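A.B. asks: Before I ask anything, here is the structure I am working with.
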Amino acid sequence: MPLHIRRYTDVWPDGHWSPDQYLVINNAGCSVGTIQHNVAYSPPWYWAINGAIVQGAVDASGQAGDIETCKRDLARNWRRWLALRGEGEDYRPPFGSKLSIEDRRRLRLPG
């Protein structure tokens, strides 16, 4: 099952978000991480798993030169953590925002 990437501005249009800030959402409609671009960073792209406490078991965050590498690294570490816990892709993390059915439909997400 894929992880879904949506701009913060698409998820929460009333907020004041950077256009280069992304929410990573699983098939259960829960946020599991973020990806963002910041020219002050070197390298400029940053990812973080923030739906569950994963630090110590897998990398919880990292930086990369491009968004595709961030997507790959976040997904790899998230799935590694799920496997260590014996959880499936539809796991509902304790700290991840749960999107409403209406928001999931608006964002064209499953379920």
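As shown in the structure tokens, the chain order sets the letters A, B, ...; within each chain, residues go from 1, and ligands are also counted from 1 in the order they appear.
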Write out as a ChimeraX atom specification all residues of region 1-35 of chain A that backbone DSSP assigns to strand (DSSP E or B).
C.D. replies: /A:4-7,21-25,30-35
A.B. asks: Quick check for you: according to DSSP on this backbone, which residues of region 3-111 of chain A are classed as helix (DSSP H, G or I)? Reply as a list in words.
C.D. replies: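 So, restricting region 3-111 of chain A to helix (DSSP H, G or I), we get Tyr8, Thr9, Asp10, Val11, Ile67, Glu68, Thr69, Cys70, Lys71, Arg72, Asp73, Leu74, Ala75, Arg76, Asn77, Trp78, Arg79, Arg80, Trp81, Leu82, Ala83, Leu84, Arg85, Ile101, Glu102, Asp103, Arg104, Arg105 and Arg106 of chain A.
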A.B. asks: If you keep N, CA and C atoms, can you produce a file of those selected residues as a PDB file, in the first residue's frame?
C.D. replies:
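Output saved as again-v1.pdb:
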ATOM      1  N   TYR A   8       0.526  20.667   2.622  1.00  0.00           N
ATOM      2  CA  TYR A   8      -0.199  21.174   3.793  1.00  0.00           C
ATOM      3  C   TYR A   8      -1.297  22.142   3.354  1.00  0.00           C
ATOM      4  N   THR A   9      -1.001  22.978   2.347  1.00  0.00           N
ATOM      5  CA  THR A   9      -1.982  23.964   1.890  1.00  0.00           C
ATOM      6  C   THR A   9      -3.226  23.302   1.308  1.00  0.00           C
ATOM      7  N   ASP A  10      -3.102  22.078   0.794  1.00  0.00           N
ATOM      8  CA  ASP A  10      -4.263  21.339   0.287  1.00  0.00           C
ATOM      9  C   ASP A  10      -5.039  20.679   1.423  1.00  0.00           C
ATOM     10  N   VAL A  11      -4.324  20.200   2.425  1.00  0.00           N
ATOM     11  CA  VAL A  11      -4.969  19.524   3.554  1.00  0.00           C
ATOM     12  C   VAL A  11      -5.682  20.531   4.444  1.00  0.00           C
ATOM     13  N   ILE A  67      13.246  15.938  -3.037  1.00  0.00           N
ATOM     14  CA  ILE A  67      12.035  15.418  -2.404  1.00  0.00           C
ATOM     15  C   ILE A  67      11.875  13.906  -2.629  1.00  0.00           C
ATOM     16  N   GLU A  68      12.287  13.418  -3.780  1.00  0.00           N
ATOM     17  CA  GLU A  68      12.130  11.981  -4.065  1.00  0.00           C
ATOM     18  C   GLU A  68      12.940  11.125  -3.084  1.00  0.00           C
ATOM     19  N   THR A  69      14.134  11.571  -2.747  1.00  0.00           N
ATOM     20  CA  THR A  69      14.949  10.844  -1.773  1.00  0.00           C
ATOM     21  C   THR A  69      14.289  10.901  -0.404  1.00  0.00           C
ATOM     22  N   CYS A  70      13.715  12.045  -0.049  1.00  0.00           N
ATOM     23  CA  CYS A  70      12.993  12.148   1.229  1.00  0.00           C
ATOM     24  C   CYS A  70      11.821  11.178   1.274  1.00  0.00           C
ATOM     25  N   LYS A  71      11.049  11.122   0.201  1.00  0.00           N
ATOM     26  CA  LYS A  71       9.909  10.195   0.144  1.00  0.00           C
ATOM     27  C   LYS A  71      10.380   8.759   0.360  1.00  0.00           C
ATOM     28  N   ARG A  72      11.425   8.384  -0.348  1.00  0.00           N
ATOM     29  CA  ARG A  72      11.950   7.021  -0.259  1.00  0.00           C
ATOM     30  C   ARG A  72      12.461   6.711   1.148  1.00  0.00           C
ATOM     31  N   ASP A  73      13.235   7.631   1.734  1.00  0.00           N
ATOM     32  CA  ASP A  73      13.812   7.388   3.055  1.00  0.00           C
ATOM     33  C   ASP A  73      12.747   7.336   4.142  1.00  0.00           C
ATOM     34  N   LEU A  74      11.779   8.240   4.092  1.00  0.00           N
ATOM     35  CA  LEU A  74      10.703   8.216   5.076  1.00  0.00           C
ATOM     36  C   LEU A  74       9.911   6.919   4.968  1.00  0.00           C
ATOM     37  N   ALA A  75       9.529   6.555   3.750  1.00  0.00           N
ATOM     38  CA  ALA A  75       8.749   5.325   3.549  1.00  0.00           C
ATOM     39  C   ALA A  75       9.519   4.090   4.019  1.00  0.00           C
ATOM     40  N   ARG A  76      10.790   4.025   3.690  1.00  0.00           N
ATOM     41  CA  ARG A  76      11.609   2.874   4.096  1.00  0.00           C
ATOM     42  C   ARG A  76      11.675   2.751   5.619  1.00  0.00           C
ATOM     43  N   ASN A  77      11.914   3.839   6.300  1.00  0.00           N
ATOM     44  CA  ASN A  77      12.004   3.796   7.756  1.00  0.00           C
ATOM     45  C   ASN A  77      10.649   3.550   8.410  1.00  0.00           C
ATOM     46  N   TRP A  78       9.593   4.134   7.868  1.00  0.00           N
ATOM     47  CA  TRP A  78       8.247   3.887   8.404  1.00  0.00           C
ATOM     48  C   TRP A  78       7.895   2.409   8.268  1.00  0.00           C
ATOM     49  N   ARG A  79       8.120   1.827   7.108  1.00  0.00           N
ATOM     50  CA  ARG A  79       7.781   0.413   6.890  1.00  0.00           C
ATOM     51  C   ARG A  79       8.669  -0.516   7.708  1.00  0.00           C
ATOM     52  N   ARG A  80       9.909  -0.148   7.893  1.00  0.00           N
ATOM     53  CA  ARG A  80      10.800  -0.938   8.741  1.00  0.00           C
ATOM     54  C   ARG A  80      10.269  -0.951  10.177  1.00  0.00           C
ATOM     55  N   TRP A  81       9.821   0.218  10.655  1.00  0.00           N
ATOM     56  CA  TRP A  81       9.264   0.312  12.006  1.00  0.00           C
ATOM     57  C   TRP A  81       7.970  -0.506  12.117  1.00  0.00           C
ATOM     58  N   LEU A  82       7.109  -0.424  11.099  1.00  0.00           N
ATOM     59  CA  LEU A  82       5.881  -1.226  11.109  1.00  0.00           C
ATOM     60  C   LEU A  82       6.208  -2.714  11.202  1.00  0.00           C
ATOM     61  N   ALA A  83       7.193  -3.153  10.423  1.00  0.00           N
ATOM     62  CA  ALA A  83       7.578  -4.570  10.430  1.00  0.00           C
ATOM     63  C   ALA A  83       8.122  -4.987  11.797  1.00  0.00           C
ATOM     64  N   LEU A  84       8.926  -4.147  12.410  1.00  0.00           N
ATOM     65  CA  LEU A  84       9.462  -4.461  13.739  1.00  0.00           C
ATOM     66  C   LEU A  84       8.345  -4.616  14.772  1.00  0.00           C
ATOM     67  N   ARG A  85       7.282  -3.865  14.619  1.00  0.00           N
ATOM     68  CA  ARG A  85       6.148  -3.915  15.543  1.00  0.00           C
ATOM     69  C   ARG A  85       5.089  -4.934  15.148  1.00  0.00           C
ATOM     70  N   ILE A 101     -13.468  11.852   6.822  1.00  0.00           N
ATOM     71  CA  ILE A 101     -13.897  11.228   5.564  1.00  0.00           C
ATOM     72  C   ILE A 101     -14.031  12.296   4.480  1.00  0.00           C
ATOM     73  N   GLU A 102     -14.589  13.443   4.833  1.00  0.00           N
ATOM     74  CA  GLU A 102     -14.756  14.530   3.857  1.00  0.00           C
ATOM     75  C   GLU A 102     -13.412  15.003   3.318  1.00  0.00           C
ATOM     76  N   ASP A 103     -12.439  15.191   4.226  1.00  0.00           N
ATOM     77  CA  ASP A 103     -11.109  15.606   3.780  1.00  0.00           C
ATOM     78  C   ASP A 103     -10.459  14.538   2.919  1.00  0.00           C
ATOM     79  N   ARG A 104     -10.630  13.279   3.284  1.00  0.00           N
ATOM     80  CA  ARG A 104     -10.039  12.202   2.490  1.00  0.00           C
ATOM     81  C   ARG A 104     -10.630  12.178   1.091  1.00  0.00           C
ATOM     82  N   ARG A 105     -11.932  12.399   0.967  1.00  0.00           N
ATOM     83  CA  ARG A 105     -12.563  12.449  -0.347  1.00  0.00           C
ATOM     84  C   ARG A 105     -12.057  13.664  -1.141  1.00  0.00           C
ATOM     85  N   ARG A 106     -12.007  14.814  -0.481  1.00  0.00           N
ATOM     86  CA  ARG A 106     -11.545  16.036  -1.130  1.00  0.00           C
ATOM     87  C   ARG A 106     -10.119  15.879  -1.644  1.00  0.00           C
TER      88      ARG A 106
END
A.B. asks: Which one is closest to Gly65 (chain A): A:Pro43, A:Gly96, A:Gly86, A:Gly51? Count only C-alpha atoms.
C.D. replies: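 The shortest atom-to-atom distance to Gly65 (chain A) comes from A:Pro43.
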A.B. asks: Region 26-28 of chain A: which residues within 10 Å, counting only C-alpha atoms, same-chain residues fewer than 4 positions away excluded, as a PyMOL selection string?
C.D. replies: chain A and resi 1-5+32-33+89-93+96+98-99+104+109-111
